[in-house]
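Chemist: Mind having a look at this structure? Questions to follow.
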Amino acid sequence: MSYLQRRRFLWILFLIGLALIAAVANATTLVRLKFADLAAQATAIARVRSLHSTSYFKNREIWTRTEFLVEAQSKGQLPRVVNVEMPGGIVGHLHSRVDEVPAFAPGEEAYVFLWAAPGGEYRILGWSQGAFRIRSDAATGTRTVTQDSAVAPLFDPVSGQFRPGGVRNLPLAVFQLKLKKALEAAP
Amino acid sequence: MQLGCTAQTSAYAFNMTVPDVRQPASVSGGSACPVPARQLTAAGSIALRWSTALGSNPATILTQAQTAAAQLAELQLVIATALSVWTGVSGTTLSPTALAPVSQTTTASACGTDGINSLCFNQADMAFTPGVLAFTRVVTADVIGEQLGGSAVSVQPGQILDADIYFNPGDPMITFATPPALPASPKSYDLESILTHELGHFFGFSHSAIWSAMMFPYARVPGTYASPRPSAQQPDAPLGDDDRTGLRVLYPDPSDTVHTGAIQGHVLPANPISLPVAPPGVTGIFGAQVVAVNAATGSIAAGTIGGWSCSLPGPTQFDGSFAIAKLAVGQSYLVYAEPLNGAVESTEIDNAISTLCRNTSTDAGWPPLLSCMVPPVDSGFTVRTWPGP
């Protein structure tokens, strides 16, 4: 690609970005919950490790129950092993899918914001918004936290700057501090 | 990134299913290559009913009309319009004739895994939590001959047997407004846009990482809508070209002579040592978003999540392949690749990538030779093109 072609390409991308930047807002299926909202509305918040999942029919729908080992509790009272039930799963030859529902592989570690449904089962509050995965950088060993629904940067008309939305690649210790502050401020 | 290779990949953001090859080839097809979820498109084969049971306290669906009959008519028009957005795309077999007439039911809880596609505005499904606005539950079969309640018997793996759309009726802070009612309802969500997006799931789409796409996972704030309204001249106006291209890939029309172009290639690491050690067999970047931009207009023609290919009888190979198919011929395209670490996270297209493999861990008795494991999405790379400038 020549210099002129490359320059033209970059201009095209820049203009596309400008034209589309206004599209940022709430999820189609989800109402955006701020971190403080999640902390305030969660029945329980815990650092967990996924053990295994099972899918089944219940009330004419396919559900998946994931069993988590609770490693640390930040809010609420949870048993040592907590079951979380979410829509979707595989039963026999039927595959039920719902976008934005978080799924966990065995061994995965995360902070989950739980909400007790009227029947008593726990759900992930706001689905992908209430799941914060803990990942390790293979090279450095640094542990970071990323929210499943980490959103696009939002434009702040006052400062004229873009600011990040959601939690993405936050060092684990910083996330824990953020959570502590949110819980202290929660009503 | 190498261009012009011959990979056989079709990895748009669809909900994928790996057929159950533990079953005889006569019902599984004999291949462990993932197939996209899709509806049948023979005349009248896609039925959809909607529940006219509407809540009144709080009223979650706001209409301009005020009488009961006129409100239902206004809602019916929104449904018909949203459907026509998808059936209005040229070059697909998802034509208006594929749809059976939309029917009404007074059943309050019409949505359920019963083989009947339903749209429910007032069903307090147990899946809702605070913050959930609407969702679509899609049930597919992984073999031929499967039936669910009143559904048709599946004639291909990946066939959608049931798809239900739920709008949250139980949160007093959430309301939806029809297009005529939206200007006077600044705190309501645009019903037509959200329904059109959910119908994308109904037809087999997962989320797209393209900002201008209807299937981008984020919509406008309440009181606004993101894209042009559909019109008689252009019923598919709200869609992005990425949606249109995806629909042509999902429901290809053999008689379409316009959209027959394809761009294929690989996204490969400069240093193979950067590839993940586990699972074994990964030879290219997995999870890169590859985008084709129309060089003349600057608009995005399509994007796809690259990194895999599959040749019969499978399983999926993670070799960095990508293919953007069903592009209009006679056009020039610029292609770029980017990691999924920006507006869309890899977790948001999880349905499109986590279901590319099955193995003995996920399914007891799965044949080892047809097993694979999906590697982690690589979102930490920078891109150079080859050959370079």
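Here's how to read the names in the structure tokens: chain A, B, ... by the order shown, residue numbers from 1 in each chain, ligand numbers from 1 in the order shown.
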Quick check for you: according to DSSP on this backbone, which residues of stretch 118-300 of chain B are classed as helix (DSSP H, G or I)? Reply as an MDAnalysis selection string.
Modeler: chainID B and resid 182:184 191:202 241:250 272:274
Chemist: Give me, as a list of chain:residue names, all polymer residues having an atom no more than 8 Å from B:Val132, counting only C-alpha atoms and skipping those fewer than 5 positions away in the same chain.
Modeler: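 Final neighbour list, sorted by chain and number: A:Thr29, A:Leu30, A:Val31, A:Gly126, A:Trp127, B:Asn168.
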Chemist: Excluding B:Cys33 and its own-chain neighbours fewer than 2 positions away, which residues fall within 8 Å of it when counting only C-alpha atoms? Please give them as a list in words.
Modeler: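 After dropping sequence-adjacent residues, the list is Val18, Pro19, Ser31, Val35, Cys310, Ser311, Leu312, Pro313, Gly314, Pro315, Thr316 and Leu356 of chain B.
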Chemist: Write the selection just made, keeping C-alpha atoms, as a PDB file, in the first residue's frame?
Modeler:
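Below is the file again16.pdb, written as the result:
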```
ATOM      1  CA  VAL B  18     -21.564 -28.589  16.017  1.00  0.00           C
ATOM      2  CA  PRO B  19     -23.709 -31.523  14.829  1.00  0.00           C
ATOM      3  CA  SER B  31     -19.400 -33.771   9.944  1.00  0.00           C
ATOM      4  CA  VAL B  35     -23.072 -24.918  11.236  1.00  0.00           C
ATOM      5  CA  CYS B 310     -13.192 -26.454   8.890  1.00  0.00           C
ATOM      6  CA  SER B 311     -12.929 -29.053   6.158  1.00  0.00           C
ATOM      7  CA  LEU B 312     -15.194 -32.077   6.118  1.00  0.00           C
ATOM      8  CA  PRO B 313     -15.483 -34.077   8.295  1.00  0.00           C
ATOM      9  CA  GLY B 314     -13.950 -31.670  10.786  1.00  0.00           C
ATOM     10  CA  PRO B 315     -13.063 -30.806  13.444  1.00  0.00           C
ATOM     11  CA  THR B 316     -12.447 -27.052  13.428  1.00  0.00           C
ATOM     12  CA  LEU B 356     -17.074 -24.138  17.462  1.00  0.00           C
TER      13      LEU B 356
END
```
Chemist: Hey, what's within 7 Å of stretch 41-58 of chain B if we count only C-alpha atoms and toss same-chain stuff fewer than 5 positions away? As a PyMOL selection string, please?
Modeler: chain B and resi 93-94+97-100+102-108+110+117-122+172
Chemist: Export, as an mmCIF file, in the first residue's frame, the selected residues with N, CA and C atoms.
Modeler:
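And here is the file that came out, result_15.cif:
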```cif
data_model
loop_
_atom_site.group_PDB
_atom_site.id
_atom_site.type_symbol
_atom_site.label_atom_id
_atom_site.label_comp_id
_atom_site.auth_asym_id
_atom_site.auth_seq_id
_atom_site.Cartn_x
_atom_site.Cartn_y
_atom_site.Cartn_z
ATOM 1 N N THR B 93 -32.647 -15.758 0.519
ATOM 2 C CA THR B 93 -33.884 -16.527 0.387
ATOM 3 C C THR B 93 -34.860 -16.185 1.511
ATOM 4 N N LEU B 94 -34.441 -15.265 2.379
ATOM 5 C CA LEU B 94 -35.356 -14.842 3.454
ATOM 6 C C LEU B 94 -36.266 -13.743 2.890
ATOM 7 N N THR B 97 -42.158 -14.036 1.471
ATOM 8 C CA THR B 97 -42.978 -15.250 1.328
ATOM 9 C C THR B 97 -42.546 -16.357 2.282
ATOM 10 N N ALA B 98 -41.333 -16.250 2.849
ATOM 11 C CA ALA B 98 -40.885 -17.258 3.813
ATOM 12 C C ALA B 98 -41.677 -17.171 5.114
ATOM 13 N N LEU B 99 -42.290 -16.007 5.336
ATOM 14 C CA LEU B 99 -43.021 -15.799 6.588
ATOM 15 C C LEU B 99 -44.482 -16.207 6.434
ATOM 16 N N ALA B 100 -44.965 -16.972 7.383
ATOM 17 C CA ALA B 100 -46.404 -17.202 7.475
ATOM 18 C C ALA B 100 -47.033 -15.933 8.052
ATOM 19 N N VAL B 102 -48.336 -13.325 10.442
ATOM 20 C CA VAL B 102 -48.144 -13.184 11.884
ATOM 21 C C VAL B 102 -49.497 -13.322 12.568
ATOM 22 N N SER B 103 -49.550 -14.189 13.554
ATOM 23 C CA SER B 103 -50.839 -14.425 14.224
ATOM 24 C C SER B 103 -50.825 -13.835 15.628
ATOM 25 N N GLN B 104 -52.000 -13.731 16.191
ATOM 26 C CA GLN B 104 -52.141 -13.185 17.537
ATOM 27 C C GLN B 104 -52.621 -14.280 18.490
ATOM 28 N N THR B 105 -52.214 -14.157 19.727
ATOM 29 C CA THR B 105 -52.741 -15.046 20.756
ATOM 30 C C THR B 105 -53.027 -14.207 21.993
ATOM 31 N N THR B 106 -54.064 -14.583 22.694
ATOM 32 C CA THR B 106 -54.378 -13.861 23.927
ATOM 33 C C THR B 106 -53.706 -14.504 25.135
ATOM 34 N N THR B 107 -52.994 -15.603 24.882
ATOM 35 C CA THR B 107 -52.299 -16.289 25.977
ATOM 36 C C THR B 107 -51.269 -15.346 26.598
ATOM 37 N N ALA B 108 -51.342 -15.212 27.901
ATOM 38 C CA ALA B 108 -50.425 -14.284 28.563
ATOM 39 C C ALA B 108 -49.000 -14.807 28.589
ATOM 40 N N ALA B 110 -47.256 -16.921 26.366
ATOM 41 C CA ALA B 110 -47.163 -17.649 25.104
ATOM 42 C C ALA B 110 -45.742 -18.123 24.823
ATOM 43 N N ASN B 117 -42.766 -20.228 17.648
ATOM 44 C CA ASN B 117 -42.085 -18.942 17.770
ATOM 45 C C ASN B 117 -43.068 -17.896 18.303
ATOM 46 N N SER B 118 -42.677 -17.233 19.362
ATOM 47 C CA SER B 118 -43.610 -16.292 19.988
ATOM 48 C C SER B 118 -42.903 -15.011 20.381
ATOM 49 N N LEU B 119 -43.699 -13.965 20.443
ATOM 50 C CA LEU B 119 -43.217 -12.640 20.831
ATOM 51 C C LEU B 119 -44.088 -12.178 21.990
ATOM 52 N N CYS B 120 -43.453 -11.935 23.135
ATOM 53 C CA CYS B 120 -44.210 -11.646 24.347
ATOM 54 C C CYS B 120 -43.790 -10.306 24.937
ATOM 55 N N PHE B 121 -44.780 -9.423 25.105
ATOM 56 C CA PHE B 121 -44.515 -8.117 25.705
ATOM 57 C C PHE B 121 -44.821 -8.116 27.197
ATOM 58 N N ASN B 122 -45.515 -9.143 27.669
ATOM 59 C CA ASN B 122 -46.005 -9.083 29.038
ATOM 60 C C ASN B 122 -45.851 -10.418 29.754
ATOM 61 N N PRO B 172 -40.769 -1.155 36.525
ATOM 62 C CA PRO B 172 -41.523 0.086 36.296
ATOM 63 C C PRO B 172 -40.688 1.194 35.658
#
```
Chemist: I'd like the neighbourhood of B:Ala127 as number ranges by chain, where a residue qualifies if any of its atoms comes within 9 Å (using only C-alpha atoms), though same-chain residues fewer than 6 positions away should be ignored.
Modeler: A: 85-87, 117, 123
Chemist: Mind writing the picked residues with C-alpha atoms as a PDB file, in the first residue's frame?
Modeler:
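Once everything was written out, this is again.pdb:
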```pdb
ATOM      1  CA  GLU A  85     -29.044 -20.538  37.377  1.00  0.00           C
ATOM      2  CA  MET A  86     -29.132 -18.799  34.003  1.00  0.00           C
ATOM      3  CA  PRO A  87     -31.217 -19.290  30.824  1.00  0.00           C
ATOM      4  CA  ALA A 117     -34.749 -14.367  41.992  1.00  0.00           C
ATOM      5  CA  ARG A 123     -28.894 -15.178  38.849  1.00  0.00           C
TER       6      ARG A 123
END
```
Chemist: Tell me which of B:Phe381, B:Tyr333, B:Phe286, B:Phe318 sits closest to chain A, counting only C-alpha atoms.
Modeler: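 Looking only at the distances to chain A, the closest residue turns out to be B:Tyr333.
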Chemist: For stretch 130-140 of chain A, work out the shell of residues within 9 Å, counting only C-alpha atoms and skipping chain neighbours fewer than 2 positions away, then give it as a count of residues only.
Modeler: 27
Chemist: Have a look at A:Gly107, A:Pro118, A:Gly141, A:Gly76 and name the one nearest to chain B; count only C-alpha atoms.
Modeler: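 Among the listed residues, A:Pro118 lies closest to chain B.
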Chemist: Tell me, as a PyMOL selection string, which residues lie within 8 Å of A:Arg97, counting only C-alpha atoms; anything in the same chain fewer than 2 positions away does not count.
Modeler: (chain A and resi 87-89+95+99) or (chain B and resi 15+137-139+351)
Chemist: So how many Å separate atom CA of B:Gly380 and atom CA of B:Ser299, to one decimal?
Modeler: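 Distance reported for this atom pair: 25.9 Å.
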Chemist: Kindly give the distance, in Å, that separates atom CA of B:His207 and atom CA of B:Cys357, rounded to a single decimal.
Modeler: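 Interatomic distance here is 19.2 Å.
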Chemist: One decimal, Å: what's the distance from atom CA of B:Gln234 over to atom CA of B:Leu62, could you say?
Modeler: 25.8 Å
